[in-house]
file query_7.pdb (PDB, C-alpha atoms and all ligand atoms)
ATOM      1  CA  MET A 116       0.000   0.000   0.000
ATOM      2  CA  ASP A 117       1.089   3.557  -0.663
ATOM      3  CA  ARG A 118       2.479   5.304   2.373
ATOM      4  CA  HIS A 119       1.574   8.918   3.126
ATOM      5  CA  VAL A 120       2.588  11.680   5.488
ATOM      6  CA  LEU A 121       0.519  14.836   5.938
ATOM      7  CA  ILE A 122       2.026  18.187   6.936
ATOM      8  CA  VAL A 123      -0.318  20.929   8.197
ATOM      9  CA  PHE A 124       1.056  24.403   8.897
ATOM     10  CA  PRO A 125      -0.416  27.903   8.741
ATOM     11  CA  HIS A 126       2.427  29.826   7.058
ATOM     12  CA  PRO A 127       4.435  29.246   3.895
ATOM     13  CA  ASP A 128       7.833  29.066   5.665
ATOM     14  CA  ASP A 129       6.785  27.004   8.688
ATOM     15  CA  GLU A 130       8.152  23.820   7.139
ATOM     16  CA  ALA A 131      11.609  25.201   6.343
ATOM     17  CA  PHE A 132      13.565  25.154   9.615
ATOM     18  CA  GLY A 133      12.123  22.317  11.636
ATOM     19  CA  VAL A 134      10.695  19.804   9.200
ATOM     20  CA  SER A 135      12.033  20.047   5.655
ATOM     21  CA  GLY A 136      14.841  17.553   6.359
ATOM     22  CA  SER A 137      12.332  14.999   7.640
ATOM     23  CA  ILE A 138      10.168  15.597   4.579
ATOM     24  CA  MET A 139      13.139  14.929   2.274
ATOM     25  CA  LYS A 140      13.889  11.780   4.217
ATOM     26  CA  TYR A 141      10.282  10.539   3.918
ATOM     27  CA  ILE A 142      10.300  11.250   0.201
ATOM     28  CA  GLN A 143      13.618   9.446  -0.225
ATOM     29  CA  GLU A 144      12.011   6.412   1.436
ATOM     30  CA  GLY A 145       9.229   6.503  -1.159
ATOM     31  CA  ILE A 146       6.589   8.006   1.138
ATOM     32  CA  SER A 147       4.265  10.593  -0.466
ATOM     33  CA  VAL A 148       4.051  13.896   1.360
ATOM     34  CA  THR A 149       1.057  16.232   1.212
ATOM     35  CA  TYR A 150       1.555  19.742   2.553
ATOM     36  CA  VAL A 151      -1.538  21.676   3.590
ATOM     37  CA  CYS A 152      -0.686  25.337   4.128
ATOM     38  CA  LEU A 153      -3.530  27.293   5.678
ATOM     39  CA  THR A 154      -2.585  30.887   4.730
ATOM     40  CA  LEU A 155      -0.169  32.756   2.505
ATOM     41  CA  GLY A 156       1.447  34.594   5.405
ATOM     42  CA  GLU A 157      -0.196  37.776   4.132
ATOM     43  CA  MET A 158       0.568  39.691   7.338
ATOM     44  CA  GLY A 159       4.282  38.901   7.591
ATOM     45  CA  ARG A 160       6.562  41.722   8.708
ATOM     46  CA  ASN A 161       9.550  40.678   6.665
ATOM     47  CA  MET A 162       9.463  42.283   3.243
ATOM     48  CA  GLY A 163      12.940  41.226   2.120
ATOM     49  CA  LYS A 164      16.233  42.853   2.962
ATOM     50  CA  PRO A 165      16.262  45.434   1.468
ATOM     51  CA  PRO A 166      12.438  45.359   1.253
ATOM     52  CA  PHE A 167      11.161  44.236  -2.158
ATOM     53  CA  ALA A 168       7.610  43.256  -1.180
ATOM     54  CA  THR A 169       4.664  45.364  -0.079
ATOM     55  CA  ARG A 170       1.745  44.396   2.147
ATOM     56  CA  GLU A 171      -0.253  43.865  -1.049
ATOM     57  CA  SER A 172       2.334  42.039  -3.178
ATOM     58  CA  LEU A 173       3.532  39.799  -0.324
ATOM     59  CA  PRO A 174       0.896  37.024  -0.703
ATOM     60  CA  GLU A 175       1.722  36.385  -4.369
ATOM     61  CA  ILE A 176       5.466  36.505  -3.662
ATOM     62  CA  ARG A 177       5.167  34.066  -0.747
ATOM     63  CA  LYS A 178       3.010  31.757  -2.853
ATOM     64  CA  LYS A 179       5.792  31.524  -5.446
ATOM     65  CA  GLU A 180       8.439  31.080  -2.727
ATOM     66  CA  LEU A 181       6.412  28.239  -1.241
ATOM     67  CA  GLU A 182       6.094  26.542  -4.623
ATOM     68  CA  GLU A 183       9.857  26.810  -5.117
ATOM     69  CA  ALA A 184      10.508  25.453  -1.613
ATOM     70  CA  CYS A 185       8.238  22.501  -2.362
ATOM     71  CA  ARG A 186      10.087  21.859  -5.614
ATOM     72  CA  ILE A 187      13.427  21.729  -3.765
ATOM     73  CA  THR A 188      12.002  19.562  -0.995
ATOM     74  CA  GLY A 189      10.294  17.221  -3.446
ATOM     75  CA  ILE A 190       6.712  17.816  -2.283
ATOM     76  CA  LYS A 191       4.352  17.182  -5.197
ATOM     77  CA  ASP A 192       1.040  17.687  -3.411
ATOM     78  CA  LEU A 193       0.761  21.217  -2.045
ATOM     79  CA  ARG A 194      -2.647  22.441  -0.963
ATOM     80  CA  ARG A 195      -3.683  25.813   0.316
ATOM     81  CA  MET A 196      -6.726  26.437   2.479
ATOM     82  CA  GLY A 197      -7.303  30.086   1.627
ATOM     83  CA  LEU A 198      -7.347  31.361   5.209
ATOM     84  CA  ARG A 199      -5.818  34.696   6.132
ATOM     85  CA  ASP A 200      -2.645  35.102   8.185
ATOM     86  CA  LYS A 201      -3.249  36.039  11.847
ATOM     87  CA  THR A 202      -6.908  34.988  11.695
ATOM     88  CA  VAL A 203      -6.701  31.195  12.082
ATOM     89  CA  GLU A 204      -7.618  31.350  15.793
ATOM     90  CA  PHE A 205     -10.777  33.298  14.927
ATOM     91  CA  GLU A 206     -12.141  30.742  12.452
ATOM     92  CA  ASP A 207     -14.760  28.218  13.536
ATOM     93  CA  PRO A 208     -12.626  25.376  15.020
ATOM     94  CA  GLU A 209     -15.186  22.702  14.043
ATOM     95  CA  GLU A 210     -15.213  23.901  10.453
ATOM     96  CA  LEU A 211     -11.428  23.928  10.224
ATOM     97  CA  ALA A 212     -11.135  20.487  11.835
ATOM     98  CA  LYS A 213     -13.665  19.167   9.310
ATOM     99  CA  ARG A 214     -11.645  20.475   6.370
ATOM    100  CA  ILE A 215      -8.493  18.857   7.747
ATOM    101  CA  ARG A 216     -10.381  15.624   8.444
ATOM    102  CA  ALA A 217     -11.457  15.541   4.789
ATOM    103  CA  VAL A 218      -7.802  15.581   3.712
ATOM    104  CA  ILE A 219      -6.935  12.879   6.263
ATOM    105  CA  ASP A 220      -9.740  10.664   4.966
ATOM    106  CA  GLU A 221      -8.601  11.192   1.401
ATOM    107  CA  ILE A 222      -4.882  10.443   1.776
ATOM    108  CA  THR A 223      -4.918   8.243   4.934
ATOM    109  CA  PRO A 224      -1.550   9.379   6.293
ATOM    110  CA  GLU A 225       0.355   7.240   8.792
ATOM    111  CA  VAL A 226       1.856  10.371  10.344
ATOM    112  CA  ILE A 227       0.665  13.993  10.539
ATOM    113  CA  ILE A 228       3.159  16.733  11.325
ATOM    114  CA  THR A 229       1.909  20.022  12.787
ATOM    115  CA  PHE A 230       2.534  22.458  15.649
ATOM    116  CA  TYR A 231       2.002  21.434  19.269
ATOM    117  CA  PRO A 232      -1.052  23.413  20.400
ATOM    118  CA  GLY A 233      -0.114  25.767  23.221
ATOM    119  CA  TYR A 234       3.652  25.450  22.719
ATOM    120  CA  SER A 235       4.214  27.076  19.361
ATOM    121  CA  VAL A 236       4.341  30.828  20.098
ATOM    122  CA  HIS A 237       2.339  32.230  17.162
ATOM    123  CA  PRO A 238      -1.470  32.158  17.660
ATOM    124  CA  ASP A 239      -1.879  30.750  14.132
ATOM    125  CA  HIS A 240       0.538  27.902  14.968
ATOM    126  CA  ASN A 241      -1.364  26.985  18.117
ATOM    127  CA  ALA A 242      -4.756  27.205  16.383
ATOM    128  CA  CYS A 243      -3.492  25.109  13.478
ATOM    129  CA  GLY A 244      -2.189  22.391  15.805
ATOM    130  CA  ALA A 245      -5.430  22.440  17.795
ATOM    131  CA  ALA A 246      -7.470  21.987  14.616
ATOM    132  CA  VAL A 247      -5.366  18.992  13.569
ATOM    133  CA  ILE A 248      -5.763  17.410  17.026
ATOM    134  CA  LYS A 249      -9.528  18.015  16.865
ATOM    135  CA  ALA A 250      -9.676  16.411  13.429
ATOM    136  CA  VAL A 251      -7.764  13.325  14.599
ATOM    137  CA  GLU A 252      -9.848  13.078  17.798
ATOM    138  CA  SER A 253     -12.929  12.784  15.607
ATOM    139  CA  MET A 254     -11.549   9.474  14.240
ATOM    140  CA  ALA A 255     -11.929   6.021  15.766
ATOM    141  CA  LYS A 256      -8.972   5.345  18.076
ATOM    142  CA  ASP A 257      -7.598   2.458  16.040
ATOM    143  CA  GLN A 258      -7.753   4.511  12.829
ATOM    144  CA  ARG A 259      -5.766   7.476  14.029
ATOM    145  CA  PRO A 260      -2.424   8.415  12.518
ATOM    146  CA  GLU A 261       0.386   9.456  14.852
ATOM    147  CA  VAL A 262       0.680  13.213  15.251
ATOM    148  CA  HIS A 263       4.252  14.484  15.427
ATOM    149  CA  CYS A 264       4.357  18.000  16.860
ATOM    150  CA  LEU A 265       6.834  20.814  16.544
ATOM    151  CA  ALA A 266       7.180  23.068  19.610
ATOM    152  CA  PHE A 267       9.420  26.013  20.339
ATOM    153  CA  SER A 268       7.907  28.045  23.178
ATOM    154  CA  HIS A 269      10.324  28.841  25.998
ATOM    155  CA  ASP A 270       8.581  26.353  28.307
ATOM    156  CA  CYS A 271       8.227  23.463  25.850
ATOM    157  CA  TYR A 272      11.069  21.345  27.302
ATOM    158  CA  GLU A 273      10.001  22.057  30.871
ATOM    159  CA  LYS A 274       6.359  21.121  30.221
ATOM    160  CA  LEU A 275       6.627  18.452  27.533
ATOM    161  CA  GLY A 276       9.957  16.883  28.462
ATOM    162  CA  GLN A 277      12.473  15.740  25.884
ATOM    163  CA  PRO A 278      11.195  15.318  22.325
ATOM    164  CA  ASP A 279      10.133  11.769  21.455
ATOM    165  CA  ILE A 280      11.828  11.913  18.070
ATOM    166  CA  LYS A 281      15.273  13.329  17.293
ATOM    167  CA  ARG A 282      15.864  12.757  13.613
ATOM    168  CA  ASP A 283      19.301  13.162  12.080
ATOM    169  CA  VAL A 284      18.825  14.927   8.754
ATOM    170  CA  SER A 285      22.446  15.986   8.240
ATOM    171  CA  GLU A 286      22.579  14.374   4.797
ATOM    172  CA  PHE A 287      19.966  16.930   3.706
ATOM    173  CA  ALA A 288      21.494  19.987   5.427
ATOM    174  CA  ASP A 289      22.614  21.708   2.225
ATOM    175  CA  ARG A 290      19.276  21.243   0.491
ATOM    176  CA  LYS A 291      17.533  22.347   3.659
ATOM    177  CA  LEU A 292      19.481  25.586   3.532
ATOM    178  CA  GLU A 293      18.257  26.005  -0.065
ATOM    179  CA  VAL A 294      14.673  25.572   1.148
ATOM    180  CA  ILE A 295      15.213  28.244   3.783
ATOM    181  CA  LYS A 296      16.682  30.557   1.139
ATOM    182  CA  ALA A 297      13.732  29.896  -1.185
ATOM    183  CA  HIS A 298      11.522  31.757   1.288
ATOM    184  CA  ARG A 299      13.523  34.789   0.322
ATOM    185  CA  SER A 300      11.196  37.561   1.516
ATOM    186  CA  GLN A 301      11.160  36.031   4.996
ATOM    187  CA  THR A 302      14.696  34.710   5.384
ATOM    188  CA  GLN A 303      16.957  37.066   3.446
ATOM    189  CA  GLY A 304      17.835  39.098   6.561
ATOM    190  CA  LEU A 305      18.507  35.965   8.569
ATOM    191  CA  VAL A 306      20.690  34.389   5.903
ATOM    192  CA  GLN A 307      22.697  37.602   5.537
ATOM    193  CA  GLY A 308      23.090  37.706   9.331
ATOM    194  CA  ILE A 309      24.463  34.181   9.380
ATOM    195  CA  LYS A 310      27.033  34.979   6.717
ATOM    196  CA  LYS A 311      28.224  37.994   8.689
ATOM    197  CA  ARG A 312      28.594  36.172  11.988
ATOM    198  CA  LEU A 313      31.570  34.146  13.121
ATOM    199  CA  SER A 314      32.084  30.833  11.453
ATOM    200  CA  LYS A 315      31.633  29.204  14.865
ATOM    201  CA  GLU A 316      28.067  30.535  14.976
ATOM    202  CA  ASN A 317      27.547  29.368  11.418
ATOM    203  CA  GLN A 318      28.598  25.963  12.649
ATOM    204  CA  GLU A 319      26.034  26.145  15.451
ATOM    205  CA  PHE A 320      23.327  27.140  13.000
ATOM    206  CA  MET A 321      24.236  24.265  10.686
ATOM    207  CA  ASN A 322      24.187  21.870  13.653
ATOM    208  CA  GLN A 323      20.682  23.033  14.521
ATOM    209  CA  LEU A 324      19.650  22.330  10.947
ATOM    210  CA  LYS A 325      20.930  18.781  11.190
ATOM    211  CA  THR A 326      18.586  17.483  13.877
ATOM    212  CA  GLU A 327      14.801  17.781  13.785
ATOM    213  CA  ARG A 328      12.795  17.271  16.964
ATOM    214  CA  PHE A 329       9.192  16.189  17.439
ATOM    215  CA  TRP A 330       6.878  15.416  20.306
ATOM    216  CA  ILE A 331       4.332  12.668  19.662
ATOM    217  CA  TYR A 332       0.924  13.964  20.730
ATOM    218  CA  LYS A 333      -0.671  11.969  23.544
ATOM    219  CA  PHE A 334      -4.425  11.922  23.072
ATOM    220  CA  GLN A 335      -6.544  12.168  26.228
ATOM    221  CA  ASN A 336      -9.711  10.933  24.533
TER     222      ASN A 336
ATOM    223  CA  MET B  92       8.423  50.971  -2.764
ATOM    224  CA  GLN B  93      10.477  54.152  -2.674
ATOM    225  CA  PRO B  94      11.397  56.491   0.159
ATOM    226  CA  ILE B  95       8.577  58.968   0.715
ATOM    227  CA  LYS B  96       8.672  62.223  -1.235
ATOM    228  CA  GLN B  97       6.337  64.410   0.746
ATOM    229  CA  SER B  98       4.955  66.467  -2.155
ATOM    230  CA  GLU B  99       4.196  63.389  -4.264
ATOM    231  CA  VAL B 100       2.436  61.586  -1.431
ATOM    232  CA  GLN B 101       0.491  64.766  -0.690
ATOM    233  CA  GLN B 102      -0.722  64.833  -4.293
ATOM    234  CA  ALA B 103      -1.766  61.204  -4.065
ATOM    235  CA  LEU B 104      -3.652  61.824  -0.801
ATOM    236  CA  ASP B 105      -5.491  64.689  -2.468
ATOM    237  CA  SER B 106      -6.538  62.414  -5.328
ATOM    238  CA  PHE B 107      -8.301  60.009  -2.905
ATOM    239  CA  ALA B 108     -10.071  62.749  -0.919
ATOM    240  CA  ASN B 109     -13.800  63.488  -0.960
ATOM    241  CA  GLN B 110     -14.963  60.087  -2.198
ATOM    242  CA  GLU B 111     -15.672  56.644  -0.758
ATOM    243  CA  VAL B 112     -12.381  54.720  -0.575
ATOM    244  CA  TYR B 113     -11.251  51.474   1.033
ATOM    245  CA  LEU B 114      -8.700  51.642   3.828
ATOM    246  CA  HIS B 115      -6.129  49.165   5.107
ATOM    247  CA  LEU B 116      -4.505  50.432   8.302
ATOM    248  CA  GLU B 117      -2.134  48.351  10.375
ATOM    249  CA  THR B 118       0.484  48.541  13.069
ATOM    250  CA  THR B 119       2.470  45.503  14.092
ATOM    251  CA  ASN B 120       5.365  44.330  16.262
ATOM    252  CA  GLY B 121       5.005  40.857  14.846
ATOM    253  CA  ALA B 122       3.851  37.755  16.672
ATOM    254  CA  TYR B 123       7.382  36.927  17.836
ATOM    255  CA  ALA B 124       8.285  40.196  19.585
ATOM    256  CA  SER B 125       7.535  38.875  23.076
ATOM    257  CA  HIS B 126       9.130  35.521  22.260
ATOM    258  CA  PHE B 127      12.529  37.003  21.388
ATOM    259  CA  ASN B 128      12.353  39.760  24.008
ATOM    260  CA  GLU B 129      10.372  38.637  27.022
ATOM    261  CA  GLY B 130      10.078  42.102  28.532
ATOM    262  CA  PHE B 131       8.511  43.404  25.346
ATOM    263  CA  PHE B 132       4.824  44.281  25.444
ATOM    264  CA  SER B 133       3.510  43.386  22.023
ATOM    265  CA  ALA B 134       0.581  45.324  20.624
ATOM    266  CA  GLY B 135      -0.830  45.902  17.186
ATOM    267  CA  ALA B 136      -4.056  46.312  15.269
ATOM    268  CA  TYR B 137      -5.323  46.226  11.742
ATOM    269  CA  ILE B 138      -8.457  47.033   9.824
ATOM    270  CA  ARG B 139      -8.907  45.908   6.222
ATOM    271  CA  ASN B 140     -11.422  47.242   3.731
ATOM    272  CA  ALA B 141     -12.956  49.895   5.952
ATOM    273  CA  LYS B 142     -15.060  52.113   3.684
ATOM    274  CA  VAL B 143     -14.204  55.699   4.505
ATOM    275  CA  THR B 144     -14.416  59.214   3.140
ATOM    276  CA  TYR B 145     -11.995  61.947   4.173
ATOM    277  CA  THR B 146     -12.220  65.606   3.366
ATOM    278  CA  ARG B 147      -8.625  66.560   4.063
ATOM    279  CA  GLY B 148      -5.521  64.365   4.005
ATOM    280  CA  THR B 149      -2.118  65.658   5.081
ATOM    281  CA  ILE B 150       1.379  64.216   5.262
ATOM    282  CA  THR B 151       3.809  65.886   7.619
ATOM    283  CA  GLY B 152       7.013  65.255   9.577
ATOM    284  CA  ASP B 153      10.583  64.683   8.503
ATOM    285  CA  ASN B 154      11.234  61.015   7.701
ATOM    286  CA  PRO B 155       9.609  59.132   9.265
ATOM    287  CA  TYR B 156       6.415  60.921   8.299
ATOM    288  CA  ARG B 157       2.940  61.199   9.801
ATOM    289  CA  ILE B 158      -0.378  61.195   7.970
ATOM    290  CA  GLY B 159      -3.745  62.415   9.207
ATOM    291  CA  LEU B 160      -6.974  61.970   7.265
ATOM    292  CA  LYS B 161      -9.813  64.146   8.484
ATOM    293  CA  MET B 162     -13.245  62.580   8.132
ATOM    294  CA  PRO B 163     -16.606  64.332   8.576
ATOM    295  CA  ILE B 164     -16.804  62.974  12.141
ATOM    296  CA  GLY B 165     -13.418  61.427  12.925
ATOM    297  CA  TRP B 166      -9.779  60.868  12.093
ATOM    298  CA  ILE B 167      -7.439  58.318  10.617
ATOM    299  CA  TYR B 168      -3.838  58.604  11.802
ATOM    300  CA  ALA B 169      -0.531  56.828  11.220
ATOM    301  CA  GLU B 170       3.079  57.611  12.136
ATOM    302  CA  GLY B 171       6.459  56.070  11.400
ATOM    303  CA  LEU B 172       5.882  56.133   7.621
ATOM    304  CA  THR B 173       8.980  55.799   5.430
ATOM    305  CA  ASP B 174       8.116  54.343   1.997
ATOM    306  CA  TRP B 175       5.390  54.544  -0.602
ATOM    307  CA  GLU B 176       4.186  53.542  -4.045
ATOM    308  CA  ILE B 177       1.159  53.570  -6.314
ATOM    309  CA  ASP B 178       0.829  49.905  -7.262
ATOM    310  CA  ASP B 179      -0.255  48.447 -10.607
ATOM    311  CA  LYS B 180      -3.889  48.602  -9.474
ATOM    312  CA  GLY B 181      -3.694  52.318  -8.752
ATOM    313  CA  ARG B 182      -3.713  51.819  -4.984
ATOM    314  CA  LEU B 183      -1.788  54.147  -2.711
ATOM    315  CA  LEU B 184       0.448  52.011  -0.478
ATOM    316  CA  ILE B 185       2.342  53.720   2.325
ATOM    317  CA  ALA B 186       4.430  51.823   4.853
ATOM    318  CA  GLY B 187       6.864  52.332   7.683
ATOM    319  CA  HIS B 188       9.833  49.966   7.806
ATOM    320  CA  ASP B 189      11.922  49.711  10.967
ATOM    321  CA  HIS B 190      15.727  49.771  11.133
ATOM    322  CA  GLU B 191      15.838  46.103  10.111
ATOM    323  CA  GLY B 192      13.566  46.729   7.128
ATOM    324  CA  LYS B 193      10.574  45.025   8.753
ATOM    325  CA  LEU B 194       7.096  46.386   8.311
ATOM    326  CA  ALA B 195       5.921  48.306  11.375
ATOM    327  CA  VAL B 196       2.975  50.280  10.032
ATOM    328  CA  ALA B 197       0.928  50.388   6.836
ATOM    329  CA  LEU B 198      -1.666  52.828   5.559
ATOM    330  CA  GLU B 199      -3.226  51.997   2.195
ATOM    331  CA  LEU B 200      -6.055  53.495   0.158
ATOM    332  CA  SER B 201      -7.886  51.980  -2.783
ATOM    333  CA  LYS B 202     -10.936  52.857  -4.861
ATOM    334  CA  GLU B 203     -11.789  49.128  -5.053
ATOM    335  CA  PRO B 204     -11.843  46.682  -2.113
ATOM    336  CA  PHE B 205      -8.432  45.176  -1.278
TER     337      PHE B 205
HETATM  338 ZN    ZN C 401       4.527  30.399  11.131
END
call {"tool": "encode", "arguments": {"input": "query_7.pdb", "output": "structure tokens", "more": "lines below"}}
Ligand SMILES: [Zn+2]
result
Amino acid sequence: MDRHVLIVFPHPDDEAFGVSGSIMKYIQEGISVTYVCLTLGEMGRNMGKPPFATRESLPEIRKKELEEACRITGIKDLRRMGLRDKTVEFEDPEELAKRIRAVIDEITPEVIITFYPGYSVHPDHNACGAAVIKAVESMAKDQRPEVHCLAFSHDCYEKLGQPDIKRDVSEFADRKLEVIKAHRSQTQGLVQGIKKRLSKENQEFMNQLKTERFWIYKFQN
Amino acid sequence: MQPIKQSEVQQALDSFANQEVYLHLETTNGAYASHFNEGFFSAGAYIRNAKVTYTRGTITGDNPYRIGLKMPIGWIYAEGLTDWEIDDKGRLLIAGHDHEGKLAVALELSKEPF
């Protein structure tokens, strides 16, 4: 049977830093990856460095960046949900969970990757993760895929403990950097900053790129 | 976008006055401000596609600039404005970028909904 993994994030660059290595690894193993991206990051503050985007041109630019990032990563099935950046938490949670459930039913993933609700800093991240959990909770227990969560709030280690999965993706580090660079409007400043800093810090940054960490969500009901 | 030229922006503001126009007004620190700097109190607001009419619009200040739009019974105000353009749809886009080039404020006017 075909094997599938589903990625659900709210913003076009959410996959770049913490997950793109894992995605490349899945794809290398012959697993199909579907990426559902809820918004186009319309309200991002980064406009490029120097700025080349405007509030109004940003969505189209980020859409193209996302498509390029998916090309580099190898994702063939990219879906957008048409929500607006910074509004995910104000949508009807049932409605959103239903839309995600429809994708789950269609592709029957063995793993879903999303943000850990409550531990992912941006309100859209938390709302996105919560919607995925709600969607999976609506399934029979023996039908549920595993949900692998990304978390990066200051208290995530204290509250959640060590991540359940630490995946070495060092063989994909260079391509991962290309994915990060593909989200040019959002990462140009960061990439320039890295180049300017000491090579020791570059080394640290590259080391961070080489391991991806996930917490497996523990369902209460 | 280009750095604001006060007289050109003033002309553009005049061309949107005294008619129903759509407004996008926004200030933002970004969702990560309090994450990277825990003492930072993050605040922001935006309104998109507010239908407004102003009778007098003025740009003032000395980079960054301020704009005030006087309505029959109220005001629209923004400060920290640095860059502007008329986009390919004829919309007046004005923004303030901080020292790192990140968007901090936006004031936009359009004759059609955004
Ligand atoms: Zn995000």
call {"tool": "residues_near_ligand", "arguments": {"input": "query_7.pdb", "ligand": "ligand ZN 401 (chain C)", "cutoff": "7 Å", "atoms": "all atoms listed in the file", "output": "NGL selection string"}}
result
:A and (125-126 or 128-129 or 237 or 240)
call {"tool": "interface_residues", "arguments": {"input": "query_7.pdb", "of": "chain A", "to": "chain B", "cutoff": "8 Å", "atoms": "only C-alpha atoms", "output": "ChimeraX atom specification"}}
result
/A:159-170,236-238,268-269
call {"tool": "atom_distance", "arguments": {"input": "query_7.pdb", "atom1": "CA of Ile146 in chain A", "atom2": "CA of Val294 in chain A"}}
result
19.3 Å
call {"tool": "residues_near_point", "arguments": {"input": "query_7.pdb", "point": "(-8.7, 60.3, 11.0)", "cutoff": "12 Å", "atoms": "all atoms listed in the file", "output": "list in words"}}
result
Leu114, Leu116, Val143, Thr144, Tyr145, Thr146, Arg147, Gly148, Thr149, Arg157, Ile158, Gly159, Leu160, Lys161, Met162, Pro163, Ile164, Gly165, Trp166, Ile167, Tyr168, Ala169 and Leu198 of chain B
call {"tool": "atom_distance", "arguments": {"input": "query_7.pdb", "atom1": "CA of Gly135 in chain B", "atom2": "CA of Thr118 in chain B"}}
result
5.1 Å
call {"tool": "closest_residue", "arguments": {"input": "query_7.pdb", "among": "B:Ile138, B:Thr173, B:Pro204, B:Asp179", "to": "Gly152 in chain B", "atoms": "only C-alpha atoms"}}
result
B:Thr173
call {"tool": "atom_distance", "arguments": {"input": "query_7.pdb", "atom1": "CA of Asp192 in chain A", "atom2": "CA of Ser285 in chain A"}}
result
24.4 Å
call {"tool": "closest_residue", "arguments": {"input": "query_7.pdb", "among": "A:Ala212, A:Val134, A:Met158, A:Ile309", "to": "Arg199 in chain A", "atoms": "all atoms listed in the file"}}
result
A:Met158
call {"tool": "residues_around", "arguments": {"input": "query_7.pdb", "residues": "Val120 in chain A", "least_positions_apart": "4", "cutoff": "9 Å", "atoms": "all atoms listed in the file", "output": "number ranges by chain"}}
result
A: 138, 141, 146-150, 222-228
call {"tool": "residues_near_point", "arguments": {"input": "query_7.pdb", "point": "(-9.3, 12.5, 25.6)", "cutoff": "12 Å", "atoms": "all atoms listed in the file", "output": "PyMOL selection string"}}
result
chain A and resi 248-249+251-254+256+332-336
call {"tool": "residues_around", "arguments": {"input": "query_7.pdb", "residues": "Tyr234 in chain A", "least_positions_apart": "3", "cutoff": "8 Å", "atoms": "all atoms listed in the file", "output": "NGL selection string"}}
result
:A and (230-231 or 241 or 266-268 or 270-271)
call {"tool": "resolve_selection", "arguments": {"input": "query_7.pdb", "expression": "the PyMOL selection byres (((chain B and resi 153) around 10) and not hetatm)", "output": "list in words"}}
result
Ile95, Gln97, Ile150, Thr151, Gly152, Asn154, Pro155, Tyr156, Arg157, Gly171, Leu172 and Thr173 of chain B
call {"tool": "resolve_selection", "arguments": {"input": "query_7.pdb", "expression": "the PyMOL selection byres (((chain A and resi 250) around 12) and not hetatm)", "output": "PDB file with C-alpha atoms, in the frame of the given file"}}
result
ATOM      1  CA  VAL A 123      -0.318  20.929   8.197  1.00  0.00           C
ATOM      2  CA  PRO A 208     -12.626  25.376  15.020  1.00  0.00           C
ATOM      3  CA  GLU A 209     -15.186  22.702  14.043  1.00  0.00           C
ATOM      4  CA  GLU A 210     -15.213  23.901  10.453  1.00  0.00           C
ATOM      5  CA  LEU A 211     -11.428  23.928  10.224  1.00  0.00           C
ATOM      6  CA  ALA A 212     -11.135  20.487  11.835  1.00  0.00           C
ATOM      7  CA  LYS A 213     -13.665  19.167   9.310  1.00  0.00           C
ATOM      8  CA  ARG A 214     -11.645  20.475   6.370  1.00  0.00           C
ATOM      9  CA  ILE A 215      -8.493  18.857   7.747  1.00  0.00           C
ATOM     10  CA  ARG A 216     -10.381  15.624   8.444  1.00  0.00           C
ATOM     11  CA  ALA A 217     -11.457  15.541   4.789  1.00  0.00           C
ATOM     12  CA  VAL A 218      -7.802  15.581   3.712  1.00  0.00           C
ATOM     13  CA  ILE A 219      -6.935  12.879   6.263  1.00  0.00           C
ATOM     14  CA  ASP A 220      -9.740  10.664   4.966  1.00  0.00           C
ATOM     15  CA  ILE A 227       0.665  13.993  10.539  1.00  0.00           C
ATOM     16  CA  CYS A 243      -3.492  25.109  13.478  1.00  0.00           C
ATOM     17  CA  GLY A 244      -2.189  22.391  15.805  1.00  0.00           C
ATOM     18  CA  ALA A 245      -5.430  22.440  17.795  1.00  0.00           C
ATOM     19  CA  ALA A 246      -7.470  21.987  14.616  1.00  0.00           C
ATOM     20  CA  VAL A 247      -5.366  18.992  13.569  1.00  0.00           C
ATOM     21  CA  ILE A 248      -5.763  17.410  17.026  1.00  0.00           C
ATOM     22  CA  LYS A 249      -9.528  18.015  16.865  1.00  0.00           C
ATOM     23  CA  VAL A 251      -7.764  13.325  14.599  1.00  0.00           C
ATOM     24  CA  GLU A 252      -9.848  13.078  17.798  1.00  0.00           C
ATOM     25  CA  SER A 253     -12.929  12.784  15.607  1.00  0.00           C
ATOM     26  CA  MET A 254     -11.549   9.474  14.240  1.00  0.00           C
ATOM     27  CA  ALA A 255     -11.929   6.021  15.766  1.00  0.00           C
ATOM     28  CA  ARG A 259      -5.766   7.476  14.029  1.00  0.00           C
ATOM     29  CA  PRO A 260      -2.424   8.415  12.518  1.00  0.00           C
ATOM     30  CA  VAL A 262       0.680  13.213  15.251  1.00  0.00           C
ATOM     31  CA  PHE A 334      -4.425  11.922  23.072  1.00  0.00           C
TER      32      PHE A 334
END
call {"tool": "residues_around", "arguments": {"input": "query_7.pdb", "residues": "Arg299 in chain A", "least_positions_apart": "3", "cutoff": "8 Å", "atoms": "only C-alpha atoms", "output": "PyMOL selection string"}}
result
chain A and resi 163+180+295-296+302-303
call {"tool": "residues_around", "arguments": {"input": "query_7.pdb", "residues": "Ala297 in chain A", "least_positions_apart": "6", "cutoff": "12 Å", "atoms": "all atoms listed in the file", "output": "PyMOL selection string"}}
result
chain A and resi 127-128+130-132+163+176-188+290-291+303+306
call {"tool": "closest_residue", "arguments": {"input": "query_7.pdb", "among": "A:Val284, A:Leu292, A:Leu305, A:Leu121", "to": "Arg328 in chain A", "atoms": "all atoms listed in the file"}}
result
A:Val284
call {"tool": "residues_around", "arguments": {"input": "query_7.pdb", "residues": "Trp330 in chain A", "least_positions_apart": "2", "cutoff": "7 Å", "atoms": "all atoms listed in the file", "output": "ChimeraX atom specification"}}
result
/A:263-265,278-280,332
